[in-house]
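Student: Just dropping this structure here.
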Amino acid sequence: MRAGTSRVGRAARVLVVVLALAGAAACSSDDGGGDEPAAAASTSSSPSPTPTPAPPPPPAPADGACYRVSYDEALAPTNSEPALDCGKPHTSQTYAVGELDLVAGGHLLAVDSEAARRQVARRCPTRLAAYVGATPEQLRLSLLRAVWFTPTIEDSDAGAAWYRCDVIAVTGDQSVAKFTGDLKGAFKRPAGDDFAMCGTAQPGSPGFTRVLCRDDHTWKAISVVDLSAGAKGPPNRPAYPGEKVVRAAGEDTCQDAARAIASDALDYEWGYEWPTAEQWQAGQTYGRCWAPDPD
């Protein structure tokens, strides 16, 4: 009995010593003299994190900027080529920049959606003639064409909602011509005839290639035959009358146009280009009269 009691007593004394040491350790760690633990004070004084502001959307292209793009790049929905000095050779120039409406019925539209594309397809072509200073007929008798671009999906997700209208000169078989200088008001200057439509031979012949009139040529497009007036369907989208109808519709008109500029009214040549069904659907509801160009 005595031995057992002695062991318990020693254990109690050891426990008291351990508790005392623990209390001493706790007291020795309190170097500030306060009642609150240091860790608790640090937690309560931490500031709330500041939200990171969203980056601004990518900037819209500059109106009047010039670029060097290929034919395929000109027909693509987006373009990332850098702008360059318009005094250097280039193949496209921006003539209008606008804002897309990407909300319809309370829902956001994707920048590559059909609805967004229709917006640009309506707006860009109607602004080209005024920019280059041409009448609608002059523009139809030229090789200048409207193309357009929108932001990439990534840039659209970052807030970009612009569209960009460019003018290019299409020559030959799916190629774009280089030019220098500003095309704004080009048809108000003598140099505007450089962008008129000419050919290396009579249209329809094996040697025919469409070229700018500034380049070597033998034939020139001289007038336009409007074919939409008698076509069935709504005025803004008339139905294609058929090849036989559009071909016959311009023959007399083109003969008269060529005779009027010929040096000999009894000995002259003329040509007529009428639209295919595919061209008609793309908006070409007219034909072109051609004649040899002595210049």
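How things are named: the first chain in the structure tokens is A, the next is B, and so on; residues count from 1 in each chain; ligands count from 1 in the order shown.
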Return as a PyMOL selection string the full set of residues in segment 58-208 of chain A whose backbone-based DSSP assignment is alpha helix (DSSP H).
Tutor: chain A and resi 71-74+114-132+136-140+153-157
Student: If you keep C-alpha atoms, can you produce a file of those selected residues as a short mmCIF file (atom, residue, chain, number, x, y, z; two decimals), in the first residue's frame?
Tutor:
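part14.cif, written as the output of this step:
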data_model
loop_
_atom_site.label_atom_id
_atom_site.label_comp_id
_atom_site.auth_asym_id
_atom_site.auth_seq_id
_atom_site.Cartn_x
_atom_site.Cartn_y
_atom_site.Cartn_z
CA TYR A 71 -7.65 38.47 -101.52
CA ASP A 72 -8.45 35.66 -99.07
CA GLU A 73 -7.70 37.89 -96.07
CA ALA A 74 -9.98 40.59 -97.49
CA GLU A 114 -25.84 35.74 -88.72
CA ALA A 115 -27.70 38.74 -87.28
CA ALA A 116 -24.46 40.61 -86.57
CA ARG A 117 -23.11 39.83 -90.03
CA ARG A 118 -26.27 41.11 -91.69
CA GLN A 119 -25.85 44.45 -89.94
CA VAL A 120 -22.43 45.01 -91.48
CA ALA A 121 -23.41 43.62 -94.88
CA ARG A 122 -26.18 46.24 -95.05
CA ARG A 123 -24.16 49.21 -93.83
CA CYS A 124 -20.76 48.97 -95.52
CA PRO A 125 -21.72 48.77 -99.23
CA THR A 126 -24.05 51.78 -98.99
CA ARG A 127 -21.26 54.06 -97.74
CA LEU A 128 -18.57 53.35 -100.32
CA ALA A 129 -19.73 55.57 -103.20
CA ALA A 130 -19.87 58.68 -101.02
CA TYR A 131 -16.41 58.00 -99.61
CA VAL A 132 -14.67 57.71 -102.98
CA PRO A 136 -23.63 54.68 -108.18
CA GLU A 137 -22.96 54.08 -111.89
CA GLN A 138 -19.31 55.10 -111.61
CA LEU A 139 -18.85 52.68 -108.74
CA ARG A 140 -20.45 49.86 -110.75
CA ILE A 153 -14.57 36.20 -80.57
CA GLU A 154 -11.84 36.75 -77.96
CA ASP A 155 -11.87 40.54 -78.47
CA SER A 156 -15.67 40.55 -78.45
CA ASP A 157 -15.64 38.72 -75.11
#
Student: Tell me, which residues of segment 170-253 of chain A carry DSSP strand (DSSP E or B), written as a VMD selection string?
Tutor: chain A and resid 170 to 171 175 to 176 179 196 to 199 210 to 212 219 to 226
Student: Within 10 Å of Pro294 of chain A, counting only C-alpha atoms, which residues qualify if same-chain residues fewer than 4 places away don't, as a list in words?
Tutor: His217, Thr218, Trp219, Lys220, Ala262 and Ser263 of chain A
Student: With only C-alpha atoms as the counted atoms, please give the residues lying no more than 6 Å from Thr285 of chain A, apart from itself and same-chain residues fewer than 4 positions off, as a short mmCIF file (atom, residue, chain, number, x, y, z; two decimals) with C-alpha atoms, in the first residue's frame.
Tutor:
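Result file part.cif:
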data_model
loop_
_atom_site.label_atom_id
_atom_site.label_comp_id
_atom_site.auth_asym_id
_atom_site.auth_seq_id
_atom_site.Cartn_x
_atom_site.Cartn_y
_atom_site.Cartn_z
CA LEU A 227 -32.12 44.84 -114.85
CA SER A 228 -34.02 45.04 -111.57
CA TRP A 280 -27.67 38.42 -108.88
#
Student: Taking only residues of segment 126-152 of chain A that have an atom at most 7 Å from an atom of segment 188-210 of chain A, what is each one's shortest atom pair and its distance in Å to one decimal, using only C-alpha atoms, in chain and number order, as a Markdown table?
Tutor:
| residue | atom | partner | partner_atom | distance |
| --- | --- | --- | --- | --- |
| A:Gly133 | CA | A:Lys188 | CA | 5.8 |
| A:Leu141 | CA | A:Met197 | CA | 5.7 |
| A:Ser142 | CA | A:Ala196 | CA | 4.0 |
| A:Leu143 | CA | A:Met197 | CA | 5.4 |
| A:Leu144 | CA | A:Phe195 | CA | 6.8 |
Student: Save the residues we just selected, N, CA and C atoms, as a short mmCIF file (atom, residue, chain, number, x, y, z; two decimals), in the first residue's frame?
Tutor:
data_model
loop_
_atom_site.label_atom_id
_atom_site.label_comp_id
_atom_site.auth_asym_id
_atom_site.auth_seq_id
_atom_site.Cartn_x
_atom_site.Cartn_y
_atom_site.Cartn_z
N GLY A 133 -16.30 59.42 -103.65
CA GLY A 133 -16.79 60.51 -104.48
C GLY A 133 -17.34 60.07 -105.82
N LEU A 141 -19.00 50.71 -112.48
CA LEU A 141 -18.08 50.61 -113.61
C LEU A 141 -16.62 50.65 -113.15
N SER A 142 -16.40 50.47 -111.87
CA SER A 142 -15.05 50.44 -111.32
C SER A 142 -14.75 49.05 -110.77
N LEU A 143 -13.52 48.89 -110.32
CA LEU A 143 -13.12 47.63 -109.68
C LEU A 143 -13.01 47.77 -108.17
N LEU A 144 -13.54 48.85 -107.63
CA LEU A 144 -13.53 49.03 -106.18
C LEU A 144 -14.69 48.27 -105.55
#
Student: Env of Cys254 of chain A: 12 Å cut, atoms = only C-alpha atoms, seq-sep filter 3 positions within chain, self excluded. Answer as an MDAnalysis selection string.
Tutor: chainID A and resid 221:226 247:251 257:261 268:274 287:291
Student: Of the candidates A:Gly230, A:Pro151, A:Tyr95, A:Ile168, which shows the shortest atom-to-atom distance to Ser70 of chain A, using only C-alpha atoms?
Tutor: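 Closest candidate: A:Ile168.
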Student: Here is a test: counting only C-alpha atoms, which residue of A:Leu75, A:Ala282, A:Val97, A:Ala265 is nearest to Ser175 of chain A?
Tutor: A:Leu75
Student: Fewer than 4 positions away in the same chain doesn't count, so skip those; otherwise give me all residues within 12 Å of Val103 of chain A, counting only C-alpha atoms, as a PyMOL selection string.
Tutor: chain A and resi 99+107-111+113+115-116+161
Student: Enter the distance from atom CA of Arg164 of chain A to atom CA of Asp112 of chain A, in Å, rounded to one decimal.
Tutor: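 So the answer is 13.9 Å.
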Student: Just give me the gap between atom CA of Pro275 of chain A and atom CA of Arg145 of chain A in Å, one decimal is fine.
Tutor: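 Going from atom CA of Pro275 of chain A over to atom CA of Arg145 of chain A covers 16.4 Å.
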Student: If I take atom CA of Gly106 of chain A and atom CA of Ala158 of chain A, how far is one from the other in Å, to one decimal?
Tutor: 19.5 Å
